[in-house]
Amino acid sequence: MSTNNKNSNPEETGGPKFQSYWIYAIMSVVLLALVLTNWGTGASSEIQLNRLNDMIKDNAVQSIKLVNGDRAEIYIKEDKKSQPAYEDAAPEGMGGSRYDYYLEVADPGSFNDFINKAYEEQGVPFADRVRVDAERRTDYLGNALQWLLPLAVIAFIWIILMRRLGSGGGGPGGQIFNIGKSKATLFDQNSKVNITFADVAGLDEAKEEVMEVVDFLKNPKKYTALGGKIPKGVLLVGPPGTGKTLLAKAVAGEAGVPFFTMSGSDFVEMFVGVGASRVRDLFKQAREKAPCIIFIDEIDAIGRARGRANMQGGNDERENTLNQLLVEMDGFSTDKGVILMAATNRPDVLDSALLRPGRFDRQIGIDRPDLKGREAIFKVHLKTIKTNDTVNAEVLAEMTPGFAGAEIANICNEAALIAARRNQDSIGLDDFNYALDKVIGGLEKKNKLISPDEKKIIAYHEAGHAICGWFLEHAMPLVKVTIVPRGVAALGYAQYLPKEQYITRTEQMLDMMCMTFGGRAAEEVVFNQISTGAQNDLDKVTKMAYDMITVYGMNPDVGQVSFYGMSRDAYQRPYSDETATLIDDRVRDLLQGQYDRAKRLLITKRDAVNKLAEALLEKEVLSRKDLETLIGPRPADAEEGYQEWAGVVDNAHDSDNNGLITP
């Protein structure tokens, strides 16, 4: 029974599926064949006058017809056709051959004279000669094929283009007549998502919120019995790579209900009204399959605030799509079990009507994970790769402050690739160290040619950063310093490990600015010259200084004001020219003050700068333990809780190989 059913189903037998446009292809081939085989017109063997003269001499011509005054059809006697001289006579065609040879005639009168002259040379009496019969003939089929075949080819190409236009030739919206259909991907019992909440780490608070949505879809009476209503919309907000889409996939895997997913850009097309039509179709499908979840990724593509720009065309189409989305979100009720989820990393540009209660009732902030969150994320990714005993999730979490989930996944993948490149059986901590350096600083440029003079400048530049960071109380703890070129423009860098903190004091920002100035200050102190190597440092400290004064209100002369998010453009800035001049003056004073402070510190610690620079020229990479050996322990190491952190970092950056990691 099962065998018969399988054979009766063409999709299961693996045979080709019949497509409707195959008919048009077959018709085109048949029409082309008719033209090429001269359907109904007979022979295709063309001869010249000298060949016709030979036929007359051989007395082989049965009759001659002059068709339309320009084509002579020659018929051969039956008893002559079997001779070798006439083997090239045309065979019977599809329409039946009515002549054996033909030739093109330029002048009918001259052709008749040629025939008569040929018979006269043979001495054939006039009564026995083959006369040329004139005939008028209209080839209706041939004329029809001349215009029918091009039309058939054009129609075939048009049908193919229409089938492929829209979205790659398949599914809803794949044809021109279905362009207004939703292009959402449906996950249901036939195509389940394998990701669950167990695969999502570091987002405990966000998981708790969305798990309530999943629980409502599974047990709606639990909430409706008390008069409660589940939120219509859930908006996931957070920086890129923090796991918004992953969390939505986990909801799809846990809920066990139909899950529609599409990107915000899928609603936008060049045709006016298509976006609104796709929104209507999406919600129509969702209501038919309720209870279900709709997930729109990057909703800011259609949800931007209206009226911010006086543009026409595409802007109007996007606003029409947003208006339709707002109407649909008002139109469906929570008792139907249709829940809308969306994700964006630009909540500041979304329209206020989209964010109001009743549409997106709940906004779930997904920030970069903290120390515990990173440790949990590492544990998830370490399960899928083969590591040795040196790898510890806690150590890796300490080494990656500020990293998002996607960046942690990238670190793990890079470490696995590095270990494979080294032909190792497992992944070690040194592989993670090298992967971290590669992600932060870029690819190591081992063959980059640097002159000894430039290398010396780079060494003192990085030594200046390291010394300032070592002796300034509020600077970030140093992990290692290197003069190995990496990336496109990085000729060396000092790596620091910021602590987990959410509030930064003025003293901390000033020390970080002074530490950033350490590179250029060292160049001036040692060489009495400066170079272009501090360009990136200047960018950082300039932005930091403007933020201190115009965002955080850390200057008494400018006052307790904040211009965060406001343009500094001369036509839009929210302060006067006098205030702008005051801000520029205070920024310049602040930067110069910290630069002078860095120079004074380096002059005081000149011996330490020289030791560190010479060690860098010799070993190229120095770790925290190397600095302790060269210039003594860091004064800030005595603070509470620092020793435990330092032990973790020392385990990760052992100085047995002087910090130098080579694949």
# chains A, B, ... in the order shown; residues from 1 in each chain; ligands from 1
call {"tool": "select_by_dssp", "arguments": {"residues": "segment 335-532 of chain A", "states": "strand (DSSP E)", "output": "list in words"}}
result
Val338, Ile339, Leu340, Met341, Ala342, Ala343, Thr344, Arg362, Gln363, Ile364, Gly365, Leu478, Val479, Lys480, Val481, Thr482, Tyr493, Ala494, Gln495 and Tyr496 of chain A
call {"tool": "select_by_dssp", "arguments": {"residues": "segment 399-489 of chain A", "states": "helix (DSSP H, G or I)", "output": "PyMOL selection string"}}
result
chain A and resi 399+405-421+429-441+452-471
call {"tool": "residues_around", "arguments": {"residues": "Glu209 of chain A", "least_positions_apart": "3", "cutoff": "10 Å", "atoms": "only C-alpha atoms", "output": "list in words"}}
result
Asp204, Glu205, Ala206, Glu212, Val213, Val214, Val234, Arg362, Gln363 and Ile364 of chain A
call {"tool": "residues_around", "arguments": {"residues": "Phe111 of chain A", "least_positions_apart": "5", "cutoff": "12 Å", "atoms": "only C-alpha atoms", "output": "list of chain:residue names"}}
result
A:Gln48, A:Leu49, A:Leu52, A:Asn53, A:Ile64, A:Lys65, A:Leu66, A:Gly69, A:Asp70, A:Arg71, A:Ala72, A:Leu103, A:Glu104, A:Val105, A:Ala106, A:Asn116, A:Lys117, A:Ala118, A:Arg131, A:Val132, A:Asp133, A:Ala134
call {"tool": "closest_residue", "arguments": {"among": "A:Phe156, A:Tyr101, A:Phe378, A:Tyr546", "to": "Ala404 of chain A", "atoms": "only C-alpha atoms"}}
result
A:Phe378
call {"tool": "atom_distance", "arguments": {"atom1": "atom CA of Thr261 of chain A", "atom2": "atom CA of Lys284 of chain A"}}
result
14.3 Å
call {"tool": "residues_around", "arguments": {"residues": "Leu322 of chain A", "least_positions_apart": "5", "cutoff": "12 Å", "atoms": "only C-alpha atoms", "output": "ChimeraX atom specification"}}
result
/A:264-265,267-268,273-280,299-306,315-317,327-329,350-354
call {"tool": "write_last_selection", "arguments": {"atoms": "C-alpha atoms", "output": "PDB file, in the first residue's frame"}}
result
ATOM      1  CA  GLY A 264      11.126  45.329   7.680  1.00  0.00           C
ATOM      2  CA  SER A 265      12.748  45.940   4.310  1.00  0.00           C
ATOM      3  CA  PHE A 267       7.598  45.417   2.934  1.00  0.00           C
ATOM      4  CA  VAL A 268       9.216  48.132   0.830  1.00  0.00           C
ATOM      5  CA  GLY A 273       0.998  50.442  -2.418  1.00  0.00           C
ATOM      6  CA  VAL A 274       2.881  47.139  -2.313  1.00  0.00           C
ATOM      7  CA  GLY A 275       4.080  47.613   1.268  1.00  0.00           C
ATOM      8  CA  ALA A 276       0.606  48.300   2.635  1.00  0.00           C
ATOM      9  CA  SER A 277      -0.774  45.345   0.674  1.00  0.00           C
ATOM     10  CA  ARG A 278       1.844  43.017   2.151  1.00  0.00           C
ATOM     11  CA  VAL A 279       1.038  44.215   5.649  1.00  0.00           C
ATOM     12  CA  ARG A 280      -2.644  43.430   5.104  1.00  0.00           C
ATOM     13  CA  ILE A 299      11.311  47.310  11.994  1.00  0.00           C
ATOM     14  CA  ASP A 300      12.931  50.746  11.744  1.00  0.00           C
ATOM     15  CA  ALA A 301      13.004  50.197   7.947  1.00  0.00           C
ATOM     16  CA  ILE A 302       9.259  50.976   7.878  1.00  0.00           C
ATOM     17  CA  GLY A 303       8.667  52.420  11.351  1.00  0.00           C
ATOM     18  CA  ARG A 304      10.617  55.672  11.107  1.00  0.00           C
ATOM     19  CA  ALA A 305       8.934  58.782  12.450  1.00  0.00           C
ATOM     20  CA  ARG A 306       6.688  60.468   9.910  1.00  0.00           C
ATOM     21  CA  ASN A 315       9.180  58.323   1.636  1.00  0.00           C
ATOM     22  CA  ASP A 316       5.437  58.424   0.934  1.00  0.00           C
ATOM     23  CA  GLU A 317       5.405  54.695   0.225  1.00  0.00           C
ATOM     24  CA  VAL A 327      -4.182  50.193  11.508  1.00  0.00           C
ATOM     25  CA  GLU A 328      -3.617  46.421  11.544  1.00  0.00           C
ATOM     26  CA  MET A 329      -2.141  46.533  15.057  1.00  0.00           C
ATOM     27  CA  LEU A 350      10.683  55.020  15.491  1.00  0.00           C
ATOM     28  CA  ASP A 351       7.365  56.796  15.211  1.00  0.00           C
ATOM     29  CA  SER A 352       5.726  57.628  18.547  1.00  0.00           C
ATOM     30  CA  ALA A 353       2.400  56.185  17.362  1.00  0.00           C
ATOM     31  CA  LEU A 354       4.107  52.822  16.928  1.00  0.00           C
TER      32      LEU A 354
END
call {"tool": "closest_residue", "arguments": {"among": "A:Lys543, A:Lys244, A:Arg520, A:Lys438", "to": "Ile458 of chain A", "atoms": "only C-alpha atoms"}}
result
A:Arg520
call {"tool": "residues_around", "arguments": {"residues": "Glu507 of chain A", "least_positions_apart": "6", "cutoff": "10 Å", "atoms": "only C-alpha atoms", "output": "count of residues only"}}
result
4
call {"tool": "residues_around", "arguments": {"residues": "Ile418 of chain A", "least_positions_apart": "6", "cutoff": "9 Å", "atoms": "only C-alpha atoms", "output": "ChimeraX atom specification"}}
result
/A:427,431-432,434-435,663
call {"tool": "write_last_selection", "arguments": {"atoms": "all heavy atoms", "output": "PDB file, in the first residue's frame"}}
result
ATOM      1  N   ILE A 427      41.353  23.000  21.439  1.00  0.00           N
ATOM      2  CA  ILE A 427      41.531  24.455  21.477  1.00  0.00           C
ATOM      3  C   ILE A 427      42.017  24.850  22.864  1.00  0.00           C
ATOM      4  O   ILE A 427      41.417  24.465  23.873  1.00  0.00           O
ATOM      5  CB  ILE A 427      40.209  25.172  21.150  1.00  0.00           C
ATOM      6  CG1 ILE A 427      39.639  24.656  19.823  1.00  0.00           C
ATOM      7  CG2 ILE A 427      40.409  26.677  21.090  1.00  0.00           C
ATOM      8  CD1 ILE A 427      38.237  25.138  19.546  1.00  0.00           C
ATOM      9  N   ASP A 431      44.985  29.964  22.003  1.00  0.00           N
ATOM     10  CA  ASP A 431      44.220  30.173  20.775  1.00  0.00           C
ATOM     11  C   ASP A 431      43.188  31.282  20.961  1.00  0.00           C
ATOM     12  O   ASP A 431      42.973  32.100  20.061  1.00  0.00           O
ATOM     13  CB  ASP A 431      43.519  28.873  20.359  1.00  0.00           C
ATOM     14  CG  ASP A 431      44.505  27.753  20.085  1.00  0.00           C
ATOM     15  OD1 ASP A 431      45.519  28.023  19.422  1.00  0.00           O
ATOM     16  OD2 ASP A 431      44.272  26.621  20.554  1.00  0.00           O
ATOM     17  N   PHE A 432      42.558  31.301  22.132  1.00  0.00           N
ATOM     18  CA  PHE A 432      41.608  32.386  22.418  1.00  0.00           C
ATOM     19  C   PHE A 432      42.326  33.723  22.532  1.00  0.00           C
ATOM     20  O   PHE A 432      41.789  34.758  22.125  1.00  0.00           O
ATOM     21  CB  PHE A 432      40.831  32.077  23.702  1.00  0.00           C
ATOM     22  CG  PHE A 432      39.693  31.123  23.511  1.00  0.00           C
ATOM     23  CD1 PHE A 432      39.854  29.764  23.732  1.00  0.00           C
ATOM     24  CD2 PHE A 432      38.455  31.579  23.089  1.00  0.00           C
ATOM     25  CE1 PHE A 432      38.808  28.883  23.548  1.00  0.00           C
ATOM     26  CE2 PHE A 432      37.394  30.702  22.902  1.00  0.00           C
ATOM     27  CZ  PHE A 432      37.574  29.345  23.138  1.00  0.00           C
ATOM     28  N   TYR A 434      45.034  34.648  20.926  1.00  0.00           N
ATOM     29  CA  TYR A 434      45.353  35.098  19.572  1.00  0.00           C
ATOM     30  C   TYR A 434      44.084  35.545  18.841  1.00  0.00           C
ATOM     31  O   TYR A 434      44.107  36.539  18.094  1.00  0.00           O
ATOM     32  CB  TYR A 434      46.036  33.969  18.802  1.00  0.00           C
ATOM     33  CG  TYR A 434      46.599  34.424  17.475  1.00  0.00           C
ATOM     34  CD1 TYR A 434      47.832  35.039  17.397  1.00  0.00           C
ATOM     35  CD2 TYR A 434      45.885  34.228  16.294  1.00  0.00           C
ATOM     36  CE1 TYR A 434      48.343  35.458  16.180  1.00  0.00           C
ATOM     37  CE2 TYR A 434      46.379  34.645  15.076  1.00  0.00           C
ATOM     38  CZ  TYR A 434      47.615  35.254  15.027  1.00  0.00           C
ATOM     39  OH  TYR A 434      48.106  35.674  13.827  1.00  0.00           O
ATOM     40  N   ALA A 435      42.978  34.836  19.038  1.00  0.00           N
ATOM     41  CA  ALA A 435      41.719  35.228  18.409  1.00  0.00           C
ATOM     42  C   ALA A 435      41.260  36.584  18.918  1.00  0.00           C
ATOM     43  O   ALA A 435      40.763  37.426  18.154  1.00  0.00           O
ATOM     44  CB  ALA A 435      40.648  34.165  18.678  1.00  0.00           C
ATOM     45  N   PRO A 663      51.004  31.676  15.736  1.00  0.00           N
ATOM     46  CA  PRO A 663      50.261  30.496  15.309  1.00  0.00           C
ATOM     47  C   PRO A 663      51.164  29.488  14.613  1.00  0.00           C
ATOM     48  O   PRO A 663      52.208  29.849  14.089  1.00  0.00           O
ATOM     49  CB  PRO A 663      49.227  31.070  14.346  1.00  0.00           C
ATOM     50  CG  PRO A 663      49.838  32.319  13.822  1.00  0.00           C
ATOM     51  CD  PRO A 663      50.694  32.869  14.926  1.00  0.00           C
TER      52      PRO A 663
END
call {"tool": "atom_distance", "arguments": {"atom1": "atom CA of Glu500 of chain A", "atom2": "atom CA of Leu371 of chain A"}}
result
7.3 Å
call {"tool": "closest_residue", "arguments": {"among": "A:Lys379, A:Glu620, A:Ala343, A:Gln501", "to": "Ala397 of chain A", "atoms": "only C-alpha atoms"}}
result
A:Lys379
call {"tool": "atom_distance", "arguments": {"atom1": "atom CA of Lys445 of chain A", "atom2": "atom CA of Gly492 of chain A"}}
result
10.6 Å
call {"tool": "closest_residue", "arguments": {"among": "A:Val541, A:Leu203, A:Val551, A:Val130", "to": "Asp367 of chain A", "atoms": "only C-alpha atoms"}}
result
A:Leu203
call {"tool": "closest_residue", "arguments": {"among": "A:Ala522, A:Ile160, A:Cys412, A:Leu355", "to": "Thr400 of chain A", "atoms": "only C-alpha atoms"}}
result
A:Cys412
call {"tool": "closest_residue", "arguments": {"among": "A:Ala636, A:Ala580, A:Leu247, A:Ala252", "to": "Pro477 of chain A", "atoms": "only C-alpha atoms"}}
result
A:Ala636
